[in-house]
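*Asks:* Dropping in start04.cif, which is mmCIF, C-alpha atoms and all ligand atoms:
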```
data_entry
loop_
_atom_site.label_atom_id
_atom_site.label_comp_id
_atom_site.auth_asym_id
_atom_site.auth_seq_id
_atom_site.Cartn_x
_atom_site.Cartn_y
_atom_site.Cartn_z
CA MET I 1 20.23 -118.15 171.87
CA GLN I 2 19.58 -118.12 175.62
CA GLN I 3 22.70 -118.56 177.73
CA PRO I 4 22.92 -118.62 181.54
CA ILE I 5 25.08 -116.16 183.47
CA VAL I 6 28.09 -117.89 185.01
CA GLY I 7 30.01 -114.88 186.35
CA TYR I 8 30.64 -111.15 186.20
CA HIS I 9 33.39 -108.62 185.77
CA LYS I 10 33.64 -104.89 185.28
CA ASP I 11 34.84 -103.26 182.09
CA GLU I 12 37.28 -100.37 181.87
CA GLU I 13 34.41 -97.89 182.24
CA ASP I 14 33.21 -99.52 185.46
CA HIS I 15 30.17 -101.10 183.82
CA TRP I 16 29.16 -104.58 184.83
CA VAL I 17 29.57 -107.32 182.26
CA ALA I 18 27.91 -110.71 182.60
CA GLU I 19 29.93 -113.75 181.56
CA LEU I 20 27.72 -116.27 179.81
CA ALA I 21 28.08 -120.05 179.71
CA CYS I 22 28.96 -119.90 176.00
CA GLY I 23 32.05 -117.82 176.78
CA HIS I 24 30.62 -114.57 175.47
CA ASN I 25 30.26 -111.41 177.55
CA GLN I 26 27.26 -109.15 177.76
CA HIS I 27 26.90 -105.72 179.36
CA VAL I 28 24.28 -105.50 182.07
CA ARG I 29 24.23 -101.75 182.55
CA HIS I 30 22.25 -100.09 185.28
CA ASN I 31 21.46 -96.84 183.48
CA PRO I 32 18.22 -95.36 184.83
CA PRO I 33 15.68 -94.39 183.74
CA TRP I 34 16.24 -96.20 180.45
CA VAL I 35 17.79 -99.39 181.71
CA VAL I 36 17.02 -100.32 185.30
CA ARG I 37 18.95 -103.30 186.56
CA ASP I 38 19.21 -102.62 190.26
CA TRP I 39 20.28 -106.18 190.89
CA VAL I 40 23.60 -105.74 189.15
CA THR I 41 24.71 -103.03 191.59
CA THR I 42 24.78 -105.32 194.61
CA GLU I 43 26.71 -108.50 195.26
CA MET I 44 23.56 -110.24 196.51
CA GLY I 45 21.66 -109.22 193.42
CA ARG I 46 24.36 -110.49 191.13
CA ALA I 47 24.59 -113.78 193.00
CA ALA I 48 20.82 -114.19 192.72
CA MET I 49 21.03 -113.77 188.95
CA LEU I 50 23.66 -116.46 188.42
CA GLY I 51 22.10 -119.01 186.09
CA TYR I 52 19.59 -116.48 184.75
CA LYS I 53 19.44 -116.74 180.98
CA LEU I 54 20.18 -113.81 178.72
CA GLU I 55 19.69 -113.66 174.98
CA CYS I 56 23.17 -113.96 173.43
CA LYS I 57 23.19 -112.20 170.07
CA LEU I 58 26.76 -113.30 169.36
CA CYS I 59 25.70 -116.95 169.51
CA ASP I 60 22.85 -116.26 167.11
CA GLU I 61 25.21 -114.64 164.65
CA LEU I 62 27.80 -117.40 164.87
CA LYS I 63 25.18 -120.07 164.31
CA CYS I 64 24.52 -118.93 160.74
ZN ZN N 101 27.17 -116.57 173.20
#
```
Could I get this structure in the form of C-alpha cells?

*Replies:*
Amino acid sequence: MQQPIVGYHKDEEDHWVAELACGHNQHVRHNPPWVVRDWVTTEMGRAAMLGYKLECKLCDELKC
C-alpha cells in the first residue's frame, strides 16, 4: 500500500527513517552505491519529499 511521508527521525544507528501517514516507519538509507537517496541527507531534500508516497509493506501484511 502506498503511504505518504509525513515526517522523519533518525534511528539509533544514525540512519534516517521516514514516518508514514499510516503510522508505520520505513528506513530511507543513503547507502551508495547500492542505495542512493541523496535527498535524505539534506533538510531541503527531506522537506521536498514530504508527501511522497512509499510502498508500505507492513500495511500490505496487516491487510490480509
Ligand atoms: Zn503502513

*Asks:* Write out as number ranges by chain the residues lying within 10 Å of segment 35-40 of chain I, counting only C-alpha atoms and excluding same-chain residues fewer than 6 positions away.

*Replies:* I: 8, 15-18, 28-29, 46-49

*Asks:* Show me which residues are within 8 Å of ligand ZN 101 (chain N) counting only C-alpha atoms and all ligand atoms, and format the list as a PyMOL selection string.

*Replies:* chain I and resi 1+3+20-25+56-60

*Asks:* Please report the interatomic distance between atom CA of Leu62 of chain I and atom CA of Asp11 of chain I in Å with one decimal.

*Replies:*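 Separation between atom CA of Leu62 of chain I and atom CA of Asp11 of chain I: 23.4 Å.
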
*Asks:* Measure the distance from atom CA of Glu43 of chain I to atom CA of Glu12 of chain I in Å and round it to one decimal.

*Replies:*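 It comes out at 18.9 Å.
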
*Asks:* Name the closest residue to Thr42 of chain I among the candidates I:Pro4, I:His30, I:Lys63, I:Glu13; distances are taken between atoms, counting only C-alpha atoms.

*Replies:*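 Of I:Pro4, I:His30, I:Lys63, I:Glu13, the one nearest Thr42 of chain I, counting only C-alpha atoms, is I:His30.
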
*Asks:* For segment 13-29 of chain I, which lacks atoms in the input, supply N, CA, C and O atoms and format the output as a compact mmCIF listing (two decimals), in the frame of the given file.

*Replies:*
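Listing of rebuild_30.txt after writing:
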```
# COMPACT_ATOMS: atom_id res chain seq x y z
N GLU I 13 35.22 -99.06 181.89
CA GLU I 13 34.41 -97.89 182.24
C GLU I 13 33.57 -98.13 183.48
O GLU I 13 32.61 -97.41 183.75
N ASP I 14 33.89 -99.21 184.21
CA ASP I 14 33.21 -99.52 185.46
C ASP I 14 31.76 -99.98 185.25
O ASP I 14 30.93 -99.84 186.14
N HIS I 15 31.48 -100.51 184.06
CA HIS I 15 30.17 -101.10 183.82
C HIS I 15 30.26 -102.60 184.06
O HIS I 15 31.26 -103.23 183.73
N TRP I 16 29.18 -103.15 184.59
CA TRP I 16 29.16 -104.58 184.83
C TRP I 16 28.93 -105.35 183.54
O TRP I 16 28.14 -104.96 182.69
N VAL I 17 29.67 -106.45 183.42
CA VAL I 17 29.57 -107.32 182.26
C VAL I 17 29.28 -108.73 182.77
O VAL I 17 29.98 -109.23 183.65
N ALA I 18 28.23 -109.33 182.23
CA ALA I 18 27.91 -110.71 182.60
C ALA I 18 28.70 -111.65 181.71
O ALA I 18 28.82 -111.43 180.50
N GLU I 19 29.24 -112.71 182.32
CA GLU I 19 29.93 -113.75 181.56
C GLU I 19 28.95 -114.89 181.36
O GLU I 19 28.43 -115.44 182.32
N LEU I 20 28.71 -115.24 180.12
CA LEU I 20 27.72 -116.27 179.81
C LEU I 20 28.38 -117.63 179.64
O LEU I 20 29.58 -117.73 179.39
N ALA I 21 27.57 -118.68 179.76
CA ALA I 21 28.08 -120.05 179.71
C ALA I 21 28.77 -120.35 178.38
O ALA I 21 29.66 -121.19 178.32
N CYS I 22 28.38 -119.65 177.32
CA CYS I 22 28.96 -119.90 176.00
C CYS I 22 30.33 -119.27 175.86
O CYS I 22 31.01 -119.46 174.84
N GLY I 23 30.75 -118.46 176.87
CA GLY I 23 32.05 -117.82 176.78
C GLY I 23 31.97 -116.38 176.31
O GLY I 23 32.98 -115.67 176.32
N HIS I 24 30.78 -115.95 175.88
CA HIS I 24 30.62 -114.57 175.47
C HIS I 24 30.33 -113.68 176.68
O HIS I 24 29.93 -114.18 177.73
N ASN I 25 30.54 -112.38 176.50
CA ASN I 25 30.26 -111.41 177.55
C ASN I 25 29.13 -110.50 177.12
O ASN I 25 28.98 -110.21 175.94
N GLN I 26 28.36 -110.05 178.09
CA GLN I 26 27.26 -109.15 177.76
C GLN I 26 27.12 -108.08 178.84
O GLN I 26 27.09 -108.39 180.03
N HIS I 27 27.07 -106.81 178.40
CA HIS I 27 26.90 -105.72 179.36
C HIS I 27 25.55 -105.81 180.05
O HIS I 27 24.54 -106.10 179.41
N VAL I 28 25.54 -105.57 181.33
CA VAL I 28 24.28 -105.50 182.07
C VAL I 28 24.25 -104.15 182.78
O VAL I 28 24.33 -104.08 184.00
N ARG I 29 24.17 -103.10 182.00
CA ARG I 29 24.23 -101.75 182.55
C ARG I 29 23.04 -101.43 183.42
O ARG I 29 21.91 -101.78 183.10
```
